[in-house]
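Coordinates as given in input-v7.tsv (TSV, C-alpha atoms):
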```tsv
chain	number	residue	atom	x	y	z
P	1	MET	CA	67.26	111.83	74.61
P	2	MET	CA	64.88	110.12	77.02
P	3	MET	CA	61.90	108.28	75.55
P	4	ILE	CA	58.66	108.25	77.49
P	5	THR	CA	55.56	106.23	76.71
P	6	VAL	CA	52.18	107.89	77.14
P	7	ASP	CA	48.73	106.41	76.80
P	8	ARG	CA	45.31	107.87	76.12
P	9	HIS	CA	44.89	108.75	79.81
P	10	ASP	CA	48.16	110.71	79.78
P	11	LEU	CA	47.08	112.59	76.64
P	12	SER	CA	43.71	113.39	78.19
P	13	LEU	CA	45.45	114.50	81.38
P	14	LEU	CA	47.81	116.78	79.44
P	15	ASN	CA	44.91	118.29	77.51
P	16	GLU	CA	42.95	118.94	80.71
P	17	LEU	CA	45.95	120.48	82.48
P	18	GLN	CA	46.67	122.76	79.52
P	19	ARG	CA	43.15	124.11	79.71
P	20	ASN	CA	42.99	124.29	83.52
P	21	GLY	CA	46.35	124.13	85.25
P	22	GLU	CA	44.82	124.64	88.66
P	23	ALA	CA	42.53	121.61	88.45
P	24	THR	CA	42.90	119.39	91.48
P	25	ASN	CA	43.87	115.75	91.14
P	26	ALA	CA	40.38	114.88	92.38
P	27	ALA	CA	38.73	116.96	89.65
P	28	LEU	CA	41.05	115.49	87.03
P	29	ALA	CA	40.38	111.97	88.29
P	30	GLU	CA	36.66	112.50	87.88
P	31	VAL	CA	37.00	113.77	84.29
P	32	LEU	CA	39.52	111.07	83.30
P	33	HIS	CA	37.78	108.21	85.15
P	34	LEU	CA	40.93	107.39	87.11
P	35	SER	CA	41.72	107.30	90.80
P	36	VAL	CA	43.18	110.38	92.47
P	37	SER	CA	46.40	108.47	93.21
P	38	GLN	CA	46.72	107.40	89.55
P	39	VAL	CA	46.37	111.02	88.44
P	40	GLY	CA	48.97	112.12	90.98
P	41	ARG	CA	51.45	109.48	89.81
P	42	ARG	CA	50.87	110.36	86.16
P	43	VAL	CA	51.33	114.09	86.76
P	44	GLN	CA	54.54	113.45	88.70
P	45	ARG	CA	55.90	111.19	85.92
P	46	LEU	CA	55.07	113.78	83.25
P	47	ARG	CA	56.78	116.50	85.31
P	48	GLU	CA	59.88	114.40	85.89
P	49	ALA	CA	60.05	113.65	82.16
P	50	GLY	CA	59.99	117.38	81.39
P	51	ILE	CA	56.71	117.22	79.47
P	52	ILE	CA	55.04	119.46	82.05
P	53	ASP	CA	57.46	122.36	82.34
P	54	HIS	CA	55.69	124.56	84.89
P	55	TYR	CA	52.35	126.06	85.87
P	56	ALA	CA	51.44	129.72	85.57
P	57	ALA	CA	48.46	132.04	85.69
P	58	VAL	CA	47.89	133.56	82.25
P	59	LEU	CA	46.96	137.23	82.61
P	60	GLU	CA	45.03	139.29	80.08
P	61	PRO	CA	47.45	142.13	79.17
P	62	THR	CA	44.78	144.77	78.54
P	63	THR	CA	43.19	144.24	81.97
P	64	VAL	CA	46.51	145.10	83.62
P	65	GLY	CA	47.04	148.17	81.44
P	66	LEU	CA	49.28	146.70	78.72
P	67	ASP	CA	47.26	147.85	75.72
P	68	VAL	CA	49.98	147.63	73.05
P	69	MET	CA	51.38	144.36	71.74
P	70	ALA	CA	53.97	144.37	68.99
P	71	PHE	CA	56.05	141.90	67.07
P	72	VAL	CA	59.55	143.30	66.78
P	73	HIS	CA	61.95	142.04	64.10
P	74	ILE	CA	65.53	142.62	65.21
P	75	THR	CA	68.66	142.44	63.05
P	76	LEU	CA	72.17	142.38	64.49
P	77	ASP	CA	75.11	144.21	62.92
P	78	ARG	CA	77.16	141.07	62.50
P	79	HIS	CA	76.79	137.42	63.23
P	80	GLY	CA	78.78	135.31	65.57
P	81	GLU	CA	78.39	133.40	68.76
P	82	LYS	CA	79.64	136.19	71.03
P	83	ARG	CA	77.43	138.85	69.44
P	84	GLY	CA	74.34	136.65	69.59
P	85	ASP	CA	75.06	135.57	73.16
P	86	ALA	CA	75.41	139.17	74.33
P	87	PHE	CA	72.15	140.19	72.67
P	88	GLU	CA	70.28	137.14	73.98
P	89	LYS	CA	71.50	137.70	77.53
P	90	ALA	CA	70.49	141.37	77.42
P	91	ILE	CA	67.02	140.85	75.92
P	92	ARG	CA	66.16	138.32	78.64
P	93	ASP	CA	66.38	141.21	81.11
P	94	VAL	CA	63.78	143.38	79.34
P	95	PRO	CA	60.49	142.65	81.15
P	96	GLU	CA	58.31	143.94	78.30
P	97	VAL	CA	59.73	141.24	76.01
P	98	MET	CA	57.35	138.33	76.50
P	99	GLU	CA	58.95	136.00	73.97
P	100	CYS	CA	61.99	136.18	71.74
P	101	PHE	CA	63.03	133.73	69.06
P	102	SER	CA	66.06	133.38	66.83
P	103	VAL	CA	64.58	133.05	63.34
P	104	THR	CA	65.38	132.57	59.69
P	105	GLY	CA	64.55	135.24	57.15
P	106	GLU	CA	65.28	138.95	56.99
P	107	ALA	CA	65.60	139.45	60.76
P	108	ASP	CA	67.79	137.57	63.20
P	109	TYR	CA	65.23	137.64	66.03
P	110	VAL	CA	61.50	138.19	66.50
P	111	ALA	CA	60.20	139.34	69.86
P	112	ARG	CA	56.67	139.72	71.19
P	113	VAL	CA	56.60	142.89	73.24
P	114	VAL	CA	53.91	144.44	75.43
P	115	SER	CA	53.66	148.04	76.51
P	116	HIS	CA	51.33	150.42	78.32
P	117	ASP	CA	50.72	152.69	75.32
P	118	LEU	CA	52.37	153.80	72.07
P	119	ALA	CA	54.49	156.45	73.80
P	120	SER	CA	55.94	153.91	76.23
P	121	PHE	CA	56.45	151.48	73.34
P	122	ALA	CA	58.41	154.17	71.48
P	123	ASP	CA	60.52	154.80	74.58
P	124	LEU	CA	61.17	151.08	74.95
P	125	MET	CA	62.33	150.85	71.34
P	126	MET	CA	64.52	153.97	71.45
P	127	LYS	CA	65.95	153.68	74.95
P	128	GLU	CA	66.27	149.91	75.39
P	129	ILE	CA	65.81	147.65	72.36
P	130	LEU	CA	67.87	149.73	69.91
P	131	LEU	CA	70.64	149.98	72.52
P	132	LEU	CA	70.97	146.23	73.08
P	133	PRO	CA	74.32	144.72	72.02
P	134	GLY	CA	74.68	144.42	68.25
P	135	VAL	CA	71.23	145.74	67.29
P	136	VAL	CA	71.44	147.53	63.95
P	137	ASN	CA	67.86	147.40	62.69
P	138	VAL	CA	64.42	147.05	64.24
P	139	LYS	CA	61.07	146.75	62.47
P	140	SER	CA	57.83	146.55	64.42
P	141	ASN	CA	54.33	145.37	63.69
P	142	ILE	CA	51.71	146.59	66.16
P	143	ALA	CA	48.92	144.10	66.80
P	144	LEU	CA	45.54	145.67	66.03
P	145	LYS	CA	43.31	142.89	67.32
P	146	LYS	CA	43.90	139.51	68.93
P	147	ILE	CA	42.32	136.85	66.75
P	148	LYS	CA	43.72	133.80	68.51
P	149	GLN	CA	46.25	133.30	71.26
P	150	SER	CA	46.66	129.94	72.92
P	151	THR	CA	48.91	128.19	75.36
P	152	VAL	CA	47.38	124.81	74.51
P	153	LEU	CA	49.70	122.65	72.41
P	154	PRO	CA	48.07	120.23	69.94
P	155	LEU	CA	48.91	116.65	70.94
P	156	GLU	CA	47.18	114.59	68.25
P	157	HIS	CA	50.47	113.95	66.45
P	158	ILE	CA	51.66	111.77	69.35
P	159	VAL	CA	49.25	109.06	68.27
P	160	ARG	CA	50.87	109.18	64.79
P	161	PRO	CA	54.54	109.71	65.69
P	162	ASN	CA	57.49	110.54	63.49
P	163	PRO	CA	60.02	108.12	64.99
P	164	ARG	CA	62.99	110.33	64.08
P	165	LYS	CA	61.83	113.30	66.16
P	166	GLN	CA	59.59	111.82	68.83
P	167	ARG	CA	60.59	111.97	72.52
P	168	ILE	CA	57.39	110.33	73.67
P	169	GLU	CA	55.41	107.46	72.24
P	170	PHE	CA	51.78	106.46	72.42
P	171	ALA	CA	51.00	103.13	74.09
P	172	ARG	CA	48.36	101.38	72.02
P	173	THR	CA	46.13	99.45	74.41
```

Write the structure described by the file as structure tokens, please.
Amino acid sequence: MMMITVDRHDLSLLNELQRNGEATNAALAEVLHLSVSQVGRRVQRLREAGIIDHYAAVLEPTTVGLDVMAFVHITLDRHGEKRGDAFEKAIRDVPEVMECFSVTGEADYVARVVSHDLASFADLMMKEILLLPGVVNVKSNIALKKIKQSTVLPLEHIVRPNPRKQRIEFART
């Protein structure tokens, strides 16, 4: 595991980029009180270290006609590496599945799914999700209202690291 040291400028840069991924280096330099070249070098270093994974435009689902969001709890018929691998490979190919996690608890997986309407959600469940390898049980919770949804990760813990789990450290200057 590679260790990377970040300072307060890096943390500020990461916070700014999480809120506005299309900010130019010049705009970031002005906010952070750094030179444009310093910002560019820092961004490149954070990308190379894998801290910045990628950039993307975040779309509002309802404005593009995806009015139904559901959290789908999926249970497989039996456990084992081959069964899980087959399911995981297949669910990656379902475009309506926005996120899928292997979890503890009653279900084996939880997926966040979007759909045009309830009829298309029902079709998705019956004709795709229930037919994925190993799926024996599916329970869904339809989201009624979005209270909070964020792509911004909290970074305050980096200043107070847990040395056993930390991949980056804060440079105290």

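Within 12 Å of Asn141 (chain P), once only C-alpha atoms are used and residues closer than 3 positions along the same chain are dropped, the contacting residues are Val68, Met69, Ala70, Phe71, Val72, His73, Ile74, Val110, Ala111, Arg112, Val113, Val114, Phe121, Val138, Leu144 and Lys145 of chain P.
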
Leaving out Ala49 (chain P) and any residue of its chain fewer than 2 positions from it, which residues lie within 10 Å of it when counting only C-alpha atoms, given as a PDB file with C-alpha atoms, keeping the file's coordinate frame?
```
ATOM      1  CA  MET P   2      64.880 110.120  77.020  1.00  0.00           C
ATOM      2  CA  MET P   3      61.900 108.280  75.550  1.00  0.00           C
ATOM      3  CA  ILE P   4      58.660 108.250  77.490  1.00  0.00           C
ATOM      4  CA  VAL P  43      51.330 114.090  86.760  1.00  0.00           C
ATOM      5  CA  GLN P  44      54.540 113.450  88.700  1.00  0.00           C
ATOM      6  CA  ARG P  45      55.900 111.190  85.920  1.00  0.00           C
ATOM      7  CA  LEU P  46      55.070 113.780  83.250  1.00  0.00           C
ATOM      8  CA  ARG P  47      56.780 116.500  85.310  1.00  0.00           C
ATOM      9  CA  ILE P  51      56.710 117.220  79.470  1.00  0.00           C
ATOM     10  CA  ILE P  52      55.040 119.460  82.050  1.00  0.00           C
ATOM     11  CA  ASP P  53      57.460 122.360  82.340  1.00  0.00           C
ATOM     12  CA  ARG P 167      60.590 111.970  72.520  1.00  0.00           C
ATOM     13  CA  ILE P 168      57.390 110.330  73.670  1.00  0.00           C
TER      14      ILE P 168
END
```

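Considering the residues P:His157, P:Arg92, P:Arg19, P:Lys148 and counting only C-alpha atoms, Tyr55 (chain P) has its shortest atom-to-atom contact with P:Arg19.
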
- Query: For Gln38 (chain P), which residue out of P:Ala86, P:Leu11, P:Ala26, P:Ala143 is the nearest one, using all atoms listed in the file?
  - Reply: P:Ala26

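Among P:Ser115, P:Ser120, P:Thr151, P:Thr24, the residue with the shortest atom-to-atom distance to Thr62 (chain P), counting all atoms listed in the file, is P:Ser115.
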
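The spacing separating CA of Arg41 (chain P) from CA of Val58 (chain P) amounts to 25.5 Å.
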
- Between CA of Glu30 (chain P) and CA of Leu17 (chain P), distance in Å (one decimal): 13.4 Å
